$ cat data18.cif   # mmCIF, C-alpha atoms
data_work
#
loop_
_atom_site.label_atom_id
_atom_site.label_comp_id
_atom_site.auth_asym_id
_atom_site.auth_seq_id
_atom_site.Cartn_x
_atom_site.Cartn_y
_atom_site.Cartn_z
CA MET A 204 -41.65 45.39 -51.45
CA ASN A 205 -38.75 43.82 -53.37
CA SER A 206 -36.49 41.49 -51.33
CA GLY A 207 -33.35 43.45 -52.26
CA ILE A 208 -34.88 46.68 -51.06
CA GLN A 209 -36.05 44.95 -47.87
CA ASN A 210 -32.49 43.78 -47.23
CA ILE A 211 -31.16 47.31 -47.65
CA VAL A 212 -33.81 48.80 -45.37
CA ILE A 213 -33.23 46.16 -42.68
CA SER A 214 -29.44 46.54 -42.96
CA LEU A 215 -29.60 50.31 -42.63
CA GLY A 216 -32.04 50.06 -39.72
CA ALA A 217 -29.87 47.47 -38.00
CA MET A 218 -26.79 49.68 -38.49
CA GLN A 219 -28.57 52.60 -36.84
CA VAL A 220 -29.56 50.42 -33.88
CA ALA A 221 -26.05 48.89 -33.72
CA ARG A 222 -24.51 52.37 -33.49
CA ARG A 223 -26.38 52.87 -30.20
CA ILE A 224 -25.26 49.58 -28.63
CA PRO A 225 -22.28 49.97 -26.27
CA PHE A 226 -20.07 47.22 -27.73
CA ASP A 227 -17.12 48.35 -25.58
CA ASP A 228 -18.98 46.98 -22.52
CA PRO A 229 -17.80 43.33 -22.21
CA GLU A 230 -21.15 42.16 -20.86
CA VAL A 231 -23.09 43.70 -23.77
CA LEU A 232 -20.57 42.27 -26.24
CA ASN A 233 -21.01 38.80 -24.77
CA TYR A 234 -24.80 39.08 -25.11
CA VAL A 235 -24.42 40.13 -28.74
CA ARG A 236 -22.07 37.17 -29.34
CA ILE A 237 -24.58 34.82 -27.72
CA GLY A 238 -27.34 36.32 -29.88
CA TYR A 239 -25.28 35.84 -33.05
CA VAL A 240 -24.37 32.25 -32.24
CA THR A 241 -27.99 31.50 -31.31
CA SER A 242 -29.27 32.93 -34.59
CA GLN A 243 -26.73 30.88 -36.56
CA VAL A 244 -27.69 27.70 -34.69
CA ILE A 245 -31.35 28.39 -35.49
CA ILE A 246 -30.54 29.03 -39.15
CA LEU A 247 -28.37 25.94 -39.59
CA GLY A 248 -30.86 23.83 -37.64
CA ALA A 249 -33.71 25.03 -39.87
CA TYR A 250 -31.77 24.21 -43.04
CA PHE A 251 -30.87 20.74 -41.76
CA PHE A 252 -34.53 20.23 -40.80
CA VAL A 253 -35.59 21.25 -44.33
CA SER A 254 -33.14 18.67 -45.75
CA TYR A 255 -34.64 16.05 -43.42
CA LYS A 256 -38.21 16.95 -44.49
CA VAL A 257 -37.27 16.83 -48.18
CA ARG A 258 -35.72 13.37 -47.76
CA GLN A 259 -38.74 12.25 -45.74
CA LYS A 260 -41.23 13.39 -48.43
CA ASN A 261 -39.05 11.87 -51.19
CA ASP A 262 -41.00 13.62 -53.97
CA GLN A 263 -39.86 11.94 -57.19
CA THR A 264 -41.89 14.21 -59.48
CA VAL A 265 -39.78 14.96 -62.56
CA LEU A 266 -38.82 18.60 -63.01
CA LYS A 267 -37.58 19.79 -66.43
CA TYR A 268 -36.36 23.29 -67.13
CA VAL A 269 -33.84 25.23 -69.17
CA ASP A 270 -31.22 26.68 -66.87
CA ALA A 271 -30.78 30.44 -66.98
CA GLN A 272 -27.94 31.72 -69.13
CA ASN A 273 -24.88 32.63 -67.07
CA PRO A 274 -22.18 34.37 -69.09
CA MET A 275 -19.53 33.25 -66.57
CA SER A 276 -20.31 29.55 -67.01
CA PRO A 277 -19.99 27.72 -70.33
CA ASP A 278 -22.24 24.89 -69.05
CA SER A 279 -25.25 27.11 -68.31
CA GLY A 280 -28.29 27.43 -70.49
CA GLY A 281 -28.82 23.71 -70.97
CA LEU A 282 -31.73 21.44 -70.25
CA VAL A 283 -31.92 20.21 -66.67
CA THR A 284 -33.94 17.14 -65.74
CA THR A 285 -34.17 16.37 -62.04
CA THR A 286 -36.68 15.48 -59.36
CA VAL A 287 -38.36 17.81 -56.89
CA ARG A 288 -36.46 16.02 -54.09
CA ASP A 289 -33.06 16.54 -55.71
CA TYR A 290 -33.87 20.14 -56.68
CA ASP A 291 -34.94 21.04 -53.14
CA LEU A 292 -31.88 19.33 -51.66
CA SER A 293 -29.58 21.26 -54.01
CA GLU A 294 -31.30 24.56 -53.16
CA THR A 295 -31.03 23.81 -49.43
CA SER A 296 -27.38 22.90 -49.92
CA LYS A 297 -26.79 26.33 -51.51
CA LEU A 298 -28.43 27.97 -48.50
CA LEU A 299 -26.25 25.96 -46.11
CA ARG A 300 -23.09 26.92 -47.99
CA ALA A 301 -24.12 30.59 -47.83
CA ALA A 302 -24.69 30.28 -44.07
CA TYR A 303 -21.30 28.60 -43.55
CA PHE A 304 -19.61 31.29 -45.63
CA GLY A 305 -21.30 33.98 -43.53
CA VAL A 306 -20.09 32.36 -40.31
CA ALA A 307 -16.54 32.15 -41.70
CA MET A 308 -16.61 35.81 -42.73
CA MET A 309 -17.95 36.86 -39.33
CA ALA A 310 -15.26 34.82 -37.58
CA PHE A 311 -12.65 36.67 -39.64
CA PHE A 312 -14.20 40.11 -39.08
CA HIS A 313 -14.84 39.62 -35.38
CA LEU A 314 -11.91 37.50 -34.21
CA TYR A 315 -9.16 38.81 -36.46
CA MET A 316 -10.23 42.36 -37.30
CA LYS A 317 -12.09 42.96 -34.00
CA TYR A 318 -15.28 44.32 -35.64
CA THR A 319 -18.32 44.00 -33.39
CA GLN A 320 -21.24 45.72 -35.12
CA PRO A 321 -21.50 43.12 -37.92
CA LEU A 322 -22.33 40.45 -35.31
CA PHE A 323 -25.57 42.23 -34.50
CA ILE A 324 -26.42 43.06 -38.12
CA GLN A 325 -25.66 39.57 -39.46
CA ALA A 326 -27.73 37.94 -36.72
CA LEU A 327 -30.77 39.93 -37.90
CA MET A 328 -30.05 39.51 -41.62
CA GLY A 329 -29.50 35.79 -41.21
CA LEU A 330 -32.92 35.36 -39.61
CA LYS A 331 -34.52 37.51 -42.31
CA ASN A 332 -32.86 35.41 -45.03
CA LEU A 333 -34.05 32.25 -43.29
CA TYR A 334 -37.62 33.54 -43.40
CA ASP A 335 -37.23 34.47 -47.10
CA ALA A 336 -35.70 31.12 -48.13
CA LYS A 337 -38.08 29.35 -50.50
CA PRO A 338 -37.38 25.78 -49.29
CA VAL A 339 -38.09 26.96 -45.73
CA ALA A 340 -41.38 28.52 -46.85
CA ILE A 341 -42.45 25.27 -48.49
CA HIS A 342 -41.21 22.65 -46.03
CA ILE A 343 -41.38 24.41 -42.64
CA LEU A 344 -43.97 27.16 -43.06
CA GLY A 345 -46.18 24.86 -45.14
CA LYS A 346 -46.82 27.29 -48.00
CA PRO A 347 -47.92 25.70 -51.29
CA ALA A 348 -45.34 25.50 -54.08
CA GLU A 349 -47.09 27.95 -56.40
CA GLY A 350 -46.49 31.49 -57.57
CA ASP A 351 -43.05 32.66 -56.38
CA LEU A 352 -42.52 29.28 -54.69
CA LYS A 353 -43.10 27.30 -57.90
CA ARG A 354 -40.11 25.18 -58.80
CA PRO A 355 -37.67 25.93 -60.31
CA PHE A 356 -37.28 29.05 -58.21
CA LYS A 357 -36.66 32.35 -59.92
CA ALA A 358 -33.71 34.35 -58.61
CA ALA A 359 -34.72 37.64 -57.04
CA SER A 360 -33.37 40.73 -58.75
CA MET A 361 -32.62 44.16 -57.31
CA PHE A 362 -34.11 45.77 -60.40
CA GLY A 363 -37.59 44.28 -60.52
CA ALA A 364 -38.26 41.30 -62.75
CA ALA A 365 -36.94 38.02 -61.43
CA ALA A 366 -34.64 36.12 -63.73
CA GLY A 367 -34.66 32.39 -63.65
CA PRO A 368 -35.00 29.10 -65.43
CA GLN A 369 -37.40 28.75 -68.33
CA THR A 370 -40.11 26.15 -67.87
CA ASP A 371 -42.22 26.71 -70.97
CA ALA A 372 -42.59 23.79 -73.40
CA ALA A 373 -40.98 25.67 -76.31
CA SER A 374 -37.77 26.37 -74.37
CA ILE A 375 -37.55 22.75 -73.17
CA THR A 376 -38.13 21.42 -76.71
CA GLU A 377 -35.47 23.77 -78.10
CA ALA A 378 -32.96 22.63 -75.47
CA GLU A 379 -33.76 18.97 -76.20
CA LYS A 380 -33.12 19.62 -79.91
CA LYS A 381 -29.72 21.16 -79.07
CA ILE A 382 -28.82 18.10 -77.01
CA GLY A 383 -29.92 15.82 -79.87
CA ALA A 384 -27.83 17.81 -82.34
CA LYS A 385 -24.74 17.57 -80.12
CA LYS A 386 -25.14 13.78 -79.79
CA GLU A 387 -25.32 13.35 -83.58
CA ASP A 388 -22.02 15.24 -84.09
#
$ encode --input "data18.cif" --output "structure tokens"
Amino acid sequence: MNSGIQNIVISLGAMQVARRIPFDDPEVLNYVRIGYVTSQVIILGAYFFVSYKVRQKNDQTVLKYVDAQNPMSPDSGGLVTTTVRDYDLSETSKLLRAAYFGVAMMAFFHLYMKYTQPLFIQALMGLKNLYDAKPVAIHILGKPAEGDLKRPFKAASMFGAAAGPQTDAASITEAEKKIGAKKED
């Protein structure tokens, strides 16, 4: 099943369960808060551990790819040359930023707007996203970097085919020619 569909199914299931939890009971609310904080500590700890493992392995294998076209960014679509270590660290950094953003949003929703159900839902979704994170699969779960886990990672799409960087030789050669043409100008 597609990851986007899984997220929707889990979210809807979690919402149905959350509707039955008596959040107006202070003791229950405190347990849900403890559960949310615990899940976030696990998530952040796992991402920091992945960063540690990546630095420890120090894989200097060169990785060349043509970045996916992003209509919102004028810099996208160019040739990217990096190492596996740097690529994994940048992907883990993106995951950390997403986790921090989620914590900030939950702090706003819960502390300022007094919403309680999202604590429960985000605790579950955060753990599911941790399990789905490709750097976690490679560096913690020990899965080989092949198939969907082959670097550079393809971005999951709600509508089927995953879009992502191009790694074929023709695309890389074309991007190198563009760079050469720009340098001559």
$ closest_residue --input "data18.cif" --among "A:Phe304, A:Tyr234, A:Phe356, A:Tyr268" --to "Pro338 (chain A)" --atoms "all atoms listed in the file"
A:Phe356
$ atom_distance --input "data18.cif" --atom1 "CA of Lys331 (chain A)" --atom2 "CA of Glu349 (chain A)"
21.2 Å
$ resolve_selection --input "data18.cif" --expression "the PyMOL selection byres ((chain A and resi 333) around 10)" --output "list of chain:residue names"
A:Ser242, A:Ile245, A:Ile246, A:Leu247, A:Ala249, A:Tyr250, A:Leu298, A:Ala302, A:Leu327, A:Met328, A:Gly329, A:Leu330, A:Lys331, A:Asn332, A:Tyr334, A:Asp335, A:Ala336, A:Lys337, A:Pro338, A:Val339, A:Ala340
$ axis_aligned_box --input "data18.cif" --around "region 323-328 of chain A" --padding-each-side "3 Å" --output "JSON"
{"center_x": -28.2, "center_y": 40.5, "center_z": -38.1, "size_x": 11.2, "size_y": 11.1, "size_z": 13.1}
$ atom_distance --input "data18.cif" --atom1 "CA of Glu294 (chain A)" --atom2 "CA of Ala348 (chain A)"
14.1 Å
$ atom_distance --input "data18.cif" --atom1 "CA of Asp371 (chain A)" --atom2 "CA of Lys346 (chain A)"
23.4 Å
$ resolve_selection --input "data18.cif" --expression "the PyMOL selection byres ((chain A and resi 257) around 10)" --output "list in words"
Phe251, Phe252, Val253, Ser254, Tyr255, Lys256, Arg258, Gln259, Lys260, Asn261, Asp262, Val287, Arg288, Asp289, Tyr290, Asp291, Leu292, Thr295, Pro338, Ile341 and His342 of chain A
$ write_last_selection --input "data18.cif" --atoms "C-alpha atoms" --output "compact mmCIF listing (two decimals), keeping the file's coordinate frame"
# COMPACT_ATOMS: atom_id res chain seq x y z
CA PHE A 251 -30.87 20.74 -41.76
CA PHE A 252 -34.53 20.23 -40.80
CA VAL A 253 -35.59 21.25 -44.33
CA SER A 254 -33.14 18.67 -45.75
CA TYR A 255 -34.64 16.05 -43.42
CA LYS A 256 -38.21 16.95 -44.49
CA ARG A 258 -35.72 13.37 -47.76
CA GLN A 259 -38.74 12.25 -45.74
CA LYS A 260 -41.23 13.39 -48.43
CA ASN A 261 -39.05 11.87 -51.19
CA ASP A 262 -41.00 13.62 -53.97
CA VAL A 287 -38.36 17.81 -56.89
CA ARG A 288 -36.46 16.02 -54.09
CA ASP A 289 -33.06 16.54 -55.71
CA TYR A 290 -33.87 20.14 -56.68
CA ASP A 291 -34.94 21.04 -53.14
CA LEU A 292 -31.88 19.33 -51.66
CA THR A 295 -31.03 23.81 -49.43
CA PRO A 338 -37.38 25.78 -49.29
CA ILE A 341 -42.45 25.27 -48.49
CA HIS A 342 -41.21 22.65 -46.03
$ closest_residue --input "data18.cif" --among "A:Arg354, A:Leu282, A:Ser293, A:Leu314" --to "Ala373 (chain A)" --atoms "all atoms listed in the file"
A:Leu282
$ residues_around --input "data18.cif" --residues "Pro321 (chain A)" --least-positions-apart "2" --cutoff "12 Å" --atoms "all atoms listed in the file" --output "ChimeraX atom specification"
/A:214-215,217-222,224,226,232,235-236,239,305-306,308-314,316-319,323-329
$ resolve_selection --input "data18.cif" --expression "the PyMOL selection byres ((chain A and resi 265) around 6)" --output "PDB file with C-alpha atoms, keeping the file's coordinate frame"
ATOM      1  CA  THR A 264     -41.890  14.210 -59.480  1.00  0.00           C
ATOM      2  CA  LEU A 266     -38.820  18.600 -63.010  1.00  0.00           C
ATOM      3  CA  THR A 285     -34.170  16.370 -62.040  1.00  0.00           C
ATOM      4  CA  THR A 286     -36.680  15.480 -59.360  1.00  0.00           C
TER       5      THR A 286
END
$ decode --input "data18.cif" --residues "region 342-356 of chain A" --atoms "all heavy atoms" --output "tab-separated table (two decimals), in the first residue's frame"
chain	number	residue	atom	x	y	z
A	342	HIS	N	20.22	2.65	8.35
A	342	HIS	CA	21.23	2.72	9.40
A	342	HIS	C	20.82	2.11	10.74
A	342	HIS	O	21.68	1.76	11.54
A	342	HIS	CB	21.67	4.18	9.60
A	342	HIS	CG	22.33	4.75	8.39
A	342	HIS	ND1	23.60	4.39	8.00
A	342	HIS	CD2	21.88	5.62	7.45
A	342	HIS	CE1	23.91	5.03	6.89
A	342	HIS	NE2	22.89	5.78	6.53
A	343	ILE	N	19.53	2.00	11.02
A	343	ILE	CA	19.10	1.39	12.28
A	343	ILE	C	18.53	-0.01	12.04
A	343	ILE	O	18.90	-0.96	12.72
A	343	ILE	CB	18.08	2.27	13.03
A	343	ILE	CG1	18.76	3.56	13.49
A	343	ILE	CG2	17.50	1.53	14.22
A	343	ILE	CD1	17.86	4.51	14.24
A	344	LEU	N	17.65	-0.13	11.05
A	344	LEU	CA	17.02	-1.42	10.79
A	344	LEU	C	17.92	-2.34	9.97
A	344	LEU	O	17.63	-3.52	9.83
A	344	LEU	CB	15.67	-1.23	10.09
A	344	LEU	CG	14.65	-0.38	10.85
A	344	LEU	CD1	13.38	-0.21	10.04
A	344	LEU	CD2	14.35	-0.98	12.21
A	345	GLY	N	19.00	-1.79	9.41
A	345	GLY	CA	19.98	-2.60	8.70
A	345	GLY	C	19.56	-3.10	7.34
A	345	GLY	O	20.12	-4.06	6.82
A	346	LYS	N	18.58	-2.45	6.72
A	346	LYS	CA	18.14	-2.86	5.39
A	346	LYS	C	19.18	-2.40	4.35
A	346	LYS	O	19.78	-1.34	4.50
A	346	LYS	CB	16.78	-2.27	5.06
A	346	LYS	CG	15.67	-2.82	5.94
A	346	LYS	CD	14.33	-2.23	5.57
A	346	LYS	CE	13.23	-2.78	6.46
A	346	LYS	NZ	11.93	-2.17	6.16
A	347	PRO	N	19.38	-3.20	3.30
A	347	PRO	CA	20.35	-2.79	2.27
A	347	PRO	C	19.83	-1.60	1.46
A	347	PRO	O	18.62	-1.46	1.25
A	347	PRO	CB	20.49	-4.04	1.40
A	347	PRO	CG	19.25	-4.83	1.64
A	347	PRO	CD	18.79	-4.50	3.03
A	348	ALA	N	20.74	-0.77	0.99
A	348	ALA	CA	20.39	0.43	0.23
A	348	ALA	C	20.15	0.06	-1.23
A	348	ALA	O	20.91	0.42	-2.12
A	348	ALA	CB	21.48	1.48	0.36
A	349	GLU	N	19.06	-0.65	-1.47
A	349	GLU	CA	18.68	-1.03	-2.83
A	349	GLU	C	17.18	-0.92	-2.98
A	349	GLU	O	16.45	-0.84	-1.98
A	349	GLU	CB	19.17	-2.45	-3.14
A	349	GLU	CG	18.76	-3.47	-2.13
A	349	GLU	CD	19.51	-4.80	-2.26
A	349	GLU	OE1	20.69	-4.81	-2.62
A	349	GLU	OE2	18.87	-5.83	-1.99
A	350	GLY	N	16.72	-0.90	-4.21
A	350	GLY	CA	15.29	-0.73	-4.44
A	350	GLY	C	14.83	0.66	-4.04
A	350	GLY	O	15.41	1.66	-4.47
A	351	ASP	N	13.80	0.74	-3.20
A	351	ASP	CA	13.29	2.03	-2.72
A	351	ASP	C	14.30	2.77	-1.85
A	351	ASP	O	14.21	3.97	-1.66
A	351	ASP	CB	12.00	1.85	-1.93
A	351	ASP	CG	10.81	1.55	-2.82
A	351	ASP	OD1	10.92	1.77	-4.04
A	351	ASP	OD2	9.77	1.11	-2.29
A	352	LEU	N	15.24	2.04	-1.27
A	352	LEU	CA	16.23	2.65	-0.38
A	352	LEU	C	17.52	3.04	-1.12
A	352	LEU	O	18.48	3.47	-0.50
A	352	LEU	CB	16.56	1.68	0.77
A	352	LEU	CG	15.39	1.30	1.66
A	352	LEU	CD1	15.84	0.31	2.72
A	352	LEU	CD2	14.80	2.53	2.31
A	353	LYS	N	17.52	2.89	-2.44
A	353	LYS	CA	18.70	3.26	-3.22
A	353	LYS	C	18.82	4.78	-3.24
A	353	LYS	O	17.85	5.49	-3.44
A	353	LYS	CB	18.57	2.72	-4.65
A	353	LYS	CG	19.81	2.89	-5.49
A	353	LYS	CD	19.60	2.21	-6.84
A	353	LYS	CE	20.83	2.17	-7.68
A	353	LYS	NZ	21.42	3.43	-8.03
A	354	ARG	N	20.03	5.25	-3.00
A	354	ARG	CA	20.27	6.69	-3.01
A	354	ARG	C	20.47	7.16	-4.44
A	354	ARG	O	21.06	6.44	-5.22
A	354	ARG	CB	21.52	7.01	-2.19
A	354	ARG	CG	21.36	6.69	-0.73
A	354	ARG	CD	22.70	6.89	-0.03
A	354	ARG	NE	22.68	6.40	1.31
A	354	ARG	CZ	23.06	5.16	1.68
A	354	ARG	NH1	23.47	4.30	0.77
A	354	ARG	NH2	23.05	4.80	2.94
A	355	PRO	N	20.04	8.34	-4.80
A	355	PRO	CA	19.25	9.29	-4.03
A	355	PRO	C	17.81	8.79	-3.91
A	355	PRO	O	17.27	8.17	-4.82
A	355	PRO	CB	19.33	10.58	-4.83
A	355	PRO	CG	19.59	10.13	-6.23
A	355	PRO	CD	20.38	8.85	-6.13
A	356	PHE	N	17.21	9.08	-2.77
A	356	PHE	CA	15.87	8.59	-2.49
A	356	PHE	C	14.85	9.28	-3.38
A	356	PHE	O	14.95	10.47	-3.65
A	356	PHE	CB	15.49	8.86	-1.02
A	356	PHE	CG	16.46	8.28	-0.04
A	356	PHE	CD1	16.91	9.03	1.03
A	356	PHE	CD2	16.94	6.99	-0.17
A	356	PHE	CE1	17.80	8.51	1.95
A	356	PHE	CE2	17.83	6.45	0.74
A	356	PHE	CZ	18.27	7.22	1.81
